[in-house]
Amino acid sequence: NSCFSAALGSVHVHGLCSTEREREREREREREREGDMAGIEEAYSSILKELGEDVERDGLLKTPLRAAKAMQFLTKGYKETVHLNDAIFDENHEEIVLVRDIELFSLCEHHLVPFFGKVHIAYLPNKKVVGLSKLARIVEVFSRRLQVQERLTSQIAEAITAALEPAGVAVVVEAAHMCMVMRGVQKINASTITSVMLGKFHDDPRLRRETLALINK
Ligand SMILES: Nc1nc2c(ncn2[C@@H]2O[C@H](COP(=O)(O)OP(=O)(O)OP(=O)(O)O)[C@@H](O)[C@H]2O)c(=O)[nH]1
Ligand SMILES: [Zn+2]
């Protein structure tokens, strides 16, 4: 490759070698991202000033930009969609598929503080199965937004229904809300459980019990 020939001192016909070009593109993307964030950065700077902080002190010089980048990461789900088509396979498996303990980090839309926990997803295939990692990707897309737990739970269930048309979907989310822990009622041990049961999981109490037992195993 061209990098290798450059290292040997041969003539470098393409100008930048592919890794240099890749790095340059990454720097370009970084500059664009920072440009996009100027407004958020400024807003964080104002918040710090309103809190009585000295935004010129060493430790805080880069904080507005860091915080802007962090917030952009924590809400990146707005810009993402899950592409499941490449990972949907024809399969005659008709029994339950359950992926449990998928980690979840989200932001409460009321207080902009984290809530976090686990998502359990079960579905009953209807001639189609999905690549298992895609279930975790669905969780990422909808959790990296400002959310309430109930909406998050149903968005995950609806996305799976739309992509797979399964015989049933069950989504259970258990989470701790920092807005209830660090502030407000300050209940450290409270956890919130939400569930959405569609199709056979909704209609068949035996199946629902079996699924919840598998989740709690
Ligand atoms: N249903 C639901 N409520 C949530 C979620 N996250 C936070 N909340 C609640 O949103 C509510 C907002 O209530 P408000 O009375 O407007 O806000 P607040 O004065 O800050 O409420 P406190 O938290 O009770 O101090 C609170 O009861 C929060 O516990 C969530 O995911 N789902
Ligand atoms: Zn909250």
# chains A, B, ... in the order shown; residues from 1 in each chain; ligands from 1
>>> residues_near_ligand(ligand="ligand 1", cutoff="6 Å", atoms="only C-alpha atoms and all ligand atoms", output="list in words")
Cys108, His110, Val148, Gln149, Glu150, Met180 and Gly184 of chain A
>>> residues_around(residues="Met197 of chain A", least_positions_apart="6", cutoff="8 Å", atoms="only C-alpha atoms", output="PyMOL selection string")
chain A and resi 168-171
>>> closest_atom_pairs(of="chain A", to="ligand 2", cutoff="12 Å", atoms="only C-alpha atoms and all ligand atoms", output="JSON lines")
{"residue": "A:Ser106", "atom": "CA", "partner": "ligand 2", "partner_atom_place_in_ligand_line": "1 (Zn)", "distance": 10.6}
{"residue": "A:Leu107", "atom": "CA", "partner": "ligand 2", "partner_atom_place_in_ligand_line": "1 (Zn)", "distance": 7.9}
{"residue": "A:Cys108", "atom": "CA", "partner": "ligand 2", "partner_atom_place_in_ligand_line": "1 (Zn)", "distance": 4.6}
{"residue": "A:Glu109", "atom": "CA", "partner": "ligand 2", "partner_atom_place_in_ligand_line": "1 (Zn)", "distance": 6.4}
{"residue": "A:His110", "atom": "CA", "partner": "ligand 2", "partner_atom_place_in_ligand_line": "1 (Zn)", "distance": 4.8}
{"residue": "A:His111", "atom": "CA", "partner": "ligand 2", "partner_atom_place_in_ligand_line": "1 (Zn)", "distance": 4.4}
{"residue": "A:Leu112", "atom": "CA", "partner": "ligand 2", "partner_atom_place_in_ligand_line": "1 (Zn)", "distance": 6.6}
{"residue": "A:Val113", "atom": "CA", "partner": "ligand 2", "partner_atom_place_in_ligand_line": "1 (Zn)", "distance": 6.2}
{"residue": "A:Pro114", "atom": "CA", "partner": "ligand 2", "partner_atom_place_in_ligand_line": "1 (Zn)", "distance": 7.8}
{"residue": "A:Phe115", "atom": "CA", "partner": "ligand 2", "partner_atom_place_in_ligand_line": "1 (Zn)", "distance": 7.9}
{"residue": "A:Phe116", "atom": "CA", "partner": "ligand 2", "partner_atom_place_in_ligand_line": "1 (Zn)", "distance": 11.6}
{"residue": "A:Leu146", "atom": "CA", "partner": "ligand 2", "partner_atom_place_in_ligand_line": "1 (Zn)", "distance": 10.1}
{"residue": "A:Gln147", "atom": "CA", "partner": "ligand 2", "partner_atom_place_in_ligand_line": "1 (Zn)", "distance": 9.2}
{"residue": "A:Val148", "atom": "CA", "partner": "ligand 2", "partner_atom_place_in_ligand_line": "1 (Zn)", "distance": 8.2}
{"residue": "A:Gln149", "atom": "CA", "partner": "ligand 2", "partner_atom_place_in_ligand_line": "1 (Zn)", "distance": 10.1}
{"residue": "A:Ala175", "atom": "CA", "partner": "ligand 2", "partner_atom_place_in_ligand_line": "1 (Zn)", "distance": 11.9}
{"residue": "A:Ala176", "atom": "CA", "partner": "ligand 2", "partner_atom_place_in_ligand_line": "1 (Zn)", "distance": 10.3}
{"residue": "A:His177", "atom": "CA", "partner": "ligand 2", "partner_atom_place_in_ligand_line": "1 (Zn)", "distance": 6.6}
{"residue": "A:Met178", "atom": "CA", "partner": "ligand 2", "partner_atom_place_in_ligand_line": "1 (Zn)", "distance": 7.0}
{"residue": "A:Cys179", "atom": "CA", "partner": "ligand 2", "partner_atom_place_in_ligand_line": "1 (Zn)", "distance": 4.3}
{"residue": "A:Met180", "atom": "CA", "partner": "ligand 2", "partner_atom_place_in_ligand_line": "1 (Zn)", "distance": 6.9}
{"residue": "A:Val181", "atom": "CA", "partner": "ligand 2", "partner_atom_place_in_ligand_line": "1 (Zn)", "distance": 9.6}
{"residue": "A:Met182", "atom": "CA", "partner": "ligand 2", "partner_atom_place_in_ligand_line": "1 (Zn)", "distance": 10.2}
{"residue": "A:Arg183", "atom": "CA", "partner": "ligand 2", "partner_atom_place_in_ligand_line": "1 (Zn)", "distance": 9.2}
{"residue": "A:Gly184", "atom": "CA", "partner": "ligand 2", "partner_atom_place_in_ligand_line": "1 (Zn)", "distance": 8.9}
{"residue": "A:Val185", "atom": "CA", "partner": "ligand 2", "partner_atom_place_in_ligand_line": "1 (Zn)", "distance": 10.9}
{"residue": "A:Gln186", "atom": "CA", "partner": "ligand 2", "partner_atom_place_in_ligand_line": "1 (Zn)", "distance": 11.6}
>>> residues_around(residues="segment 68-70 of chain A", least_positions_apart="6", cutoff="9 Å", atoms="only C-alpha atoms", output="list in words")
Arg33, Glu34, Met37, Ala38, Gly39, Ile40, Glu41, Glu42, Ala43 and Tyr44 of chain A
>>> closest_residue(among="A:Ala190, A:Asp101, A:Lys128, A:Gly77", to="Leu152 of chain A", atoms="only C-alpha atoms")
A:Gly77
>>> closest_residue(among="A:Glu103, A:Asp86, A:Glu174, A:Glu26", to="Gly131 of chain A", atoms="only C-alpha atoms")
A:Asp86
>>> closest_residue(among="A:Gly117, A:Ser154, A:Pro205, A:Arg25", to="Thr192 of chain A", atoms="only C-alpha atoms")
A:Gly117
